[in-house]
Amino acid sequence: MNLTSRVIAVLTLVVLSLSVADVAYASTWTVALHTGSHGEAQSVALLPPSGVAAACTTPASNQQIAVTWGPVAHASEFDVLQSVNTGSYLSVATLTGTAWTTSTLSKGSYSYEVETEVGSTWTSAPSSPSTPAISVTNKVCG
Amino acid sequence: MRWTPRKAADGGRRQRFGSWSTRAKIVSGIAGVVMVGTGAYAATNWVVGLSGGSASEAQSATIQNISIAAVAAPSATNLLYPGGNGDVVATITNPNSFPVTITAVNLPTNTTYASGYTTSALSTAQTGCSSTTSDVVWNYSTATSGSSHTLTTPLTVAANGTLTVTFTNDASMTSSAPLACANTFFSMPSLTGVTASGGAATATTSPATDAWTS
């Protein structure tokens with residue numbers, strides 16, 4: 001083979017090698033996936049707030065009780081439930097914060113629970129009740 | 001092809017290739033190379049359907065489907081809640097003998113819901129939190145199946161290797177998801193495809209973190 005033929009042969013081999021490599025490496029395509037190719041996610045556990053506490057505001061003659069509780073991640077709102085004289089707990093307020101104060105209360109024994117709301121459909125179980133119960137007597141709290 | 005050298009008019013310093021001129025030889029050689037190269041390139045630019053999960057078999061014997069599987073570890077950092085986003089953890093398996101770099105994912109529709117399970121093993125269904133009720137979808141999915149979403153960072157899976165990756169906040173739960181889906185593990189809806197390229201790239205270290213953000 002003369003020089004020209006050798007040059008052609010070498011060039012051919014080089015370009016062919018590049019072409020073969022191109023098959024494996026240089027292209028972009030949409031790759032098929034095996035059926036059921038997916039991933040895993042997880043949702044939060046819905047918990048009521050902890051540390052629910054109730055205390056008379058000052059002055060006691062206001063006949064008001066302040067209720068506080070701890071924050072809950074992702075909570076959109078909290079429901080405050082009130083029990084009077086060990087009766088059933090009924091919702092008395094819905095708010096976004098972690099504290100609430102009653103209006104002027106009448107005579108009785110009061111305790112509170114709080115529920116966590118997340119979104120429009122998730123409501124937690126009630127928290128543990130505030131203890132001890134707060135008494136309002138003779139127009140004075142406590 | 002056989003050629004016979006013969007002396008030229010310059011006293012034999014040049015040779016001719018039988019009945020073909022040197023120029024013809026070169027042109028034909030280049031043409032042949034171009035044809036081969038074009039064929040090889042054309043063979044690698046294909047779009048594959050996903051029916052049965054084995055569509056690529058008819059396209060090429062050398063490029064195989066990749067797999068993406070749910071995996072429990074590492075656990076997700078960002079968890080789903082109504083109106084919020086959460087992480088998705090997956091393992092990508094590349095059965096090919098060359099690295100594959102994934103640059104985008106193709107998502108099912110935004111009404112294709114994940115299925116809920118009681119544990120990370122995804123073996124026991126969560127009552128009331130099924131693929132018809134969970135309201136958990138891929139984030140940024142649209143009403144059109146197969147929408148493409150570019151990864152923040154390309155992921156390279158080693159030849160015959162696996163890569164575990166956390167897609168940050170790429171699952172989404174609507175604000176009206178049922179309470180039954182609280183404290184639940186989800187098998188995300190199947191992806192419809194990925195956009196990838198084969199290449200001698202450095203494999204991404206596993207476990208990795210990535211995302212699509214639009």
# chains A, B, ... in the order shown; residues from 1 in each chain; ligands from 1
$ residues_around --residues "range 81-91 of chain A" --least-positions-apart "4" --cutoff "9 Å" --atoms "only C-alpha atoms" --output "list in words"
Gly108, Ser109, Tyr110, Ser111, Tyr112, Glu113, Val114, Glu115, Pro126 and Ala133 of chain A
$ write_last_selection --atoms "N, CA and C atoms" --output "JSON list (two decimals), in the first residue's frame"
[["chain", "number", "residue", "atom", "x", "y", "z"],
["A", 108, "GLY", "N", -68.00, 28.54, 87.49],
["A", 108, "GLY", "CA", -67.86, 27.15, 87.05],
["A", 108, "GLY", "C", -66.42, 26.69, 87.10],
["A", 109, "SER", "N", -66.21, 25.43, 86.73],
["A", 109, "SER", "CA", -64.86, 24.84, 86.68],
["A", 109, "SER", "C", -64.52, 24.57, 85.22],
["A", 110, "TYR", "N", -63.36, 25.07, 84.80],
["A", 110, "TYR", "CA", -63.04, 25.03, 83.37],
["A", 110, "TYR", "C", -61.74, 24.24, 83.10],
["A", 111, "SER", "N", -61.76, 23.49, 82.03],
["A", 111, "SER", "CA", -60.53, 22.86, 81.53],
["A", 111, "SER", "C", -60.58, 22.86, 80.01],
["A", 112, "TYR", "N", -59.39, 22.64, 79.42],
["A", 112, "TYR", "CA", -59.30, 22.84, 77.97],
["A", 112, "TYR", "C", -58.49, 21.74, 77.28],
["A", 113, "GLU", "N", -58.83, 21.49, 76.06],
["A", 113, "GLU", "CA", -58.06, 20.64, 75.15],
["A", 113, "GLU", "C", -57.89, 21.42, 73.84],
["A", 114, "VAL", "N", -56.88, 21.01, 73.08],
["A", 114, "VAL", "CA", -56.63, 21.67, 71.80],
["A", 114, "VAL", "C", -56.41, 20.60, 70.72],
["A", 115, "GLU", "N", -56.94, 20.84, 69.56],
["A", 115, "GLU", "CA", -56.74, 19.95, 68.41],
["A", 115, "GLU", "C", -55.95, 20.69, 67.33],
["A", 126, "PRO", "N", -57.81, 15.11, 70.23],
["A", 126, "PRO", "CA", -57.61, 16.17, 71.21],
["A", 126, "PRO", "C", -56.34, 15.97, 72.02],
["A", 133, "ALA", "N", -58.08, 21.94, 86.67],
["A", 133, "ALA", "CA", -59.20, 22.75, 86.20],
["A", 133, "ALA", "C", -59.19, 24.10, 86.92]]
$ residues_around --residues "range 48-58 of chain A" --least-positions-apart "3" --cutoff "9 Å" --atoms "only C-alpha atoms" --output "NGL selection string"
:A and (61-72 or 78 or 101 or 110-117 or 123-134 or 141-142)
$ write_last_selection --atoms "C-alpha atoms" --output "mmCIF file, in the first residue's frame"
data_model
loop_
_atom_site.group_PDB
_atom_site.id
_atom_site.type_symbol
_atom_site.label_atom_id
_atom_site.label_comp_id
_atom_site.auth_asym_id
_atom_site.auth_seq_id
_atom_site.Cartn_x
_atom_site.Cartn_y
_atom_site.Cartn_z
ATOM 1 C CA SER A 61 -61.495 40.010 88.629
ATOM 2 C CA ASN A 62 -61.502 39.908 84.862
ATOM 3 C CA GLN A 63 -62.784 36.342 85.150
ATOM 4 C CA GLN A 64 -60.716 35.304 82.162
ATOM 5 C CA ILE A 65 -58.528 32.276 81.463
ATOM 6 C CA ALA A 66 -55.487 32.213 79.166
ATOM 7 C CA VAL A 67 -54.888 28.931 77.351
ATOM 8 C CA THR A 68 -51.483 28.157 75.790
ATOM 9 C CA TRP A 69 -49.955 25.183 73.946
ATOM 10 C CA GLY A 70 -46.895 24.180 72.001
ATOM 11 C CA PRO A 71 -46.462 24.607 68.240
ATOM 12 C CA VAL A 72 -47.054 21.771 65.768
ATOM 13 C CA PHE A 78 -55.879 24.980 66.202
ATOM 14 C CA THR A 101 -57.846 34.034 76.128
ATOM 15 C CA TYR A 110 -63.035 25.034 83.366
ATOM 16 C CA SER A 111 -60.529 22.860 81.530
ATOM 17 C CA TYR A 112 -59.295 22.844 77.966
ATOM 18 C CA GLU A 113 -58.062 20.638 75.148
ATOM 19 C CA VAL A 114 -56.632 21.673 71.797
ATOM 20 C CA GLU A 115 -56.745 19.947 68.405
ATOM 21 C CA THR A 116 -54.400 20.472 65.461
ATOM 22 C CA GLU A 117 -55.795 21.163 62.010
ATOM 23 C CA THR A 123 -57.958 17.263 62.459
ATOM 24 C CA SER A 124 -55.953 15.560 65.155
ATOM 25 C CA ALA A 125 -57.194 13.826 68.238
ATOM 26 C CA PRO A 126 -57.614 16.173 71.214
ATOM 27 C CA SER A 127 -54.615 16.974 73.330
ATOM 28 C CA SER A 128 -54.378 16.000 76.930
ATOM 29 C CA PRO A 129 -56.602 18.302 79.005
ATOM 30 C CA SER A 130 -55.187 21.251 80.859
ATOM 31 C CA THR A 131 -54.764 20.567 84.526
ATOM 32 C CA PRO A 132 -55.781 21.486 87.087
ATOM 33 C CA ALA A 133 -59.203 22.753 86.200
ATOM 34 C CA ILE A 134 -59.648 26.496 86.767
ATOM 35 C CA CYS A 141 -60.894 33.655 88.559
ATOM 36 C CA GLY A 142 -58.939 31.115 90.568
#
$ select_by_dssp --residues "range 46-213 of chain B" --states "strand (DSSP E)" --output "ChimeraX atom specification"
/B:67-70,85-93,100-107,115-117,136-138,147-157,162-173,185-187,193-198,208-210
$ write_last_selection --atoms "C-alpha atoms" --output "mmCIF file, in the first residue's frame"
data_model
loop_
_atom_site.group_PDB
_atom_site.id
_atom_site.type_symbol
_atom_site.label_atom_id
_atom_site.label_comp_id
_atom_site.auth_asym_id
_atom_site.auth_seq_id
_atom_site.Cartn_x
_atom_site.Cartn_y
_atom_site.Cartn_z
ATOM 1 C CA SER B 67 -35.592 0.906 36.451
ATOM 2 C CA ILE B 68 -36.611 3.286 39.207
ATOM 3 C CA ALA B 69 -37.757 1.664 42.424
ATOM 4 C CA ALA B 70 -39.105 2.929 45.702
ATOM 5 C CA ASN B 85 -44.611 19.014 49.375
ATOM 6 C CA GLY B 86 -42.402 16.128 50.380
ATOM 7 C CA ASP B 87 -39.309 14.243 49.327
ATOM 8 C CA VAL B 88 -39.342 11.173 47.120
ATOM 9 C CA VAL B 89 -36.637 8.558 47.539
ATOM 10 C CA ALA B 90 -35.829 6.143 44.746
ATOM 11 C CA THR B 91 -33.180 3.789 43.473
ATOM 12 C CA ILE B 92 -32.283 3.946 39.800
ATOM 13 C CA THR B 93 -30.829 0.834 38.209
ATOM 14 C CA VAL B 100 -26.353 6.618 31.695
ATOM 15 C CA THR B 101 -26.891 10.262 32.560
ATOM 16 C CA ILE B 102 -30.463 11.308 33.295
ATOM 17 C CA THR B 103 -31.295 14.932 32.678
ATOM 18 C CA ALA B 104 -35.078 15.015 32.962
ATOM 19 C CA VAL B 105 -38.068 12.966 34.018
ATOM 20 C CA ASN B 106 -41.433 12.524 32.376
ATOM 21 C CA LEU B 107 -44.373 12.618 34.740
ATOM 22 C CA SER B 115 -51.038 4.656 46.753
ATOM 23 C CA GLY B 116 -50.777 4.741 50.520
ATOM 24 C CA TYR B 117 -49.255 2.032 52.707
ATOM 25 C CA VAL B 136 -50.686 12.741 46.391
ATOM 26 C CA VAL B 137 -49.108 13.477 43.021
ATOM 27 C CA TRP B 138 -45.737 14.293 41.526
ATOM 28 C CA SER B 147 -44.618 16.274 30.681
ATOM 29 C CA SER B 148 -40.843 16.684 30.871
ATOM 30 C CA HIS B 149 -39.119 18.238 33.889
ATOM 31 C CA THR B 150 -35.421 19.005 33.933
ATOM 32 C CA LEU B 151 -33.368 17.918 36.913
ATOM 33 C CA THR B 152 -31.416 20.565 38.762
ATOM 34 C CA THR B 153 -28.316 18.403 38.391
ATOM 35 C CA PRO B 154 -27.941 15.553 35.877
ATOM 36 C CA LEU B 155 -27.723 12.130 37.510
ATOM 37 C CA THR B 156 -25.194 9.648 36.159
ATOM 38 C CA VAL B 157 -25.775 6.002 36.975
ATOM 39 C CA THR B 162 -27.530 1.653 40.972
ATOM 40 C CA LEU B 163 -27.992 5.102 42.373
ATOM 41 C CA THR B 164 -30.172 6.070 45.306
ATOM 42 C CA VAL B 165 -31.476 9.599 45.066
ATOM 43 C CA THR B 166 -33.765 11.829 47.075
ATOM 44 C CA PHE B 167 -35.864 14.129 44.940
ATOM 45 C CA THR B 168 -36.405 17.065 47.255
ATOM 46 C CA ASN B 169 -40.024 18.215 47.565
ATOM 47 C CA ASP B 170 -41.029 16.545 44.310
ATOM 48 C CA ALA B 171 -44.153 14.957 45.750
ATOM 49 C CA SER B 172 -47.198 17.067 46.520
ATOM 50 C CA MET B 173 -50.310 16.540 48.625
ATOM 51 C CA PHE B 185 -45.937 5.811 53.145
ATOM 52 C CA PHE B 186 -46.623 6.352 49.482
ATOM 53 C CA SER B 187 -45.732 4.473 46.368
ATOM 54 C CA GLY B 193 -40.020 8.045 31.056
ATOM 55 C CA VAL B 194 -36.753 9.824 31.501
ATOM 56 C CA THR B 195 -34.493 11.742 29.190
ATOM 57 C CA ALA B 196 -31.003 10.351 29.269
ATOM 58 C CA SER B 197 -27.778 9.997 27.395
ATOM 59 C CA GLY B 198 -25.118 7.343 27.391
ATOM 60 C CA ALA B 208 -27.620 11.708 46.063
ATOM 61 C CA THR B 209 -30.031 14.607 46.304
ATOM 62 C CA ASP B 210 -31.656 16.206 43.302
#
$ residues_around --residues "Tyr140 in chain B" --least-positions-apart "4" --cutoff "8 Å" --atoms "only C-alpha atoms" --output "JSON, numbers by chain"
{"B": [110, 170, 213, 214]}
$ closest_residue --among "A:Val140, A:Leu33, A:Ser5, A:Ala41" --to "Ala76 in chain B" --atoms "only C-alpha atoms"
A:Ala41
$ residues_around --residues "Ser175 in chain B" --least-positions-apart "3" --cutoff "7 Å" --atoms "only C-alpha atoms" --output "list in words"
Gly119 and Ser120 of chain A; Pro82 and Gly83 of chain B
$ write_last_selection --atoms "C-alpha atoms" --output "PDB file, in the first residue's frame"
ATOM      1  CA  GLY A 119     -55.320  21.732  55.623  1.00  0.00           C
ATOM      2  CA  SER A 120     -59.042  21.477  55.241  1.00  0.00           C
TER       3      SER A 120
ATOM      4  CA  PRO B  82     -52.114  18.728  53.173  1.00  0.00           C
ATOM      5  CA  GLY B  83     -51.099  21.583  50.933  1.00  0.00           C
TER       6      GLY B  83
END
$ closest_residue --among "B:Ala73, B:Ala158, B:Ala125, B:Ile66" --to "chain A" --atoms "only C-alpha atoms"
B:Ile66
$ atom_distance --atom1 "CA of Thr94 in chain A" --atom2 "CA of Leu47 in chain A"
16.6 Å
$ closest_residue --among "B:Pro99, B:Gly199, B:Gly128, B:Gly84" --to "chain A" --atoms "only C-alpha atoms"
B:Gly199
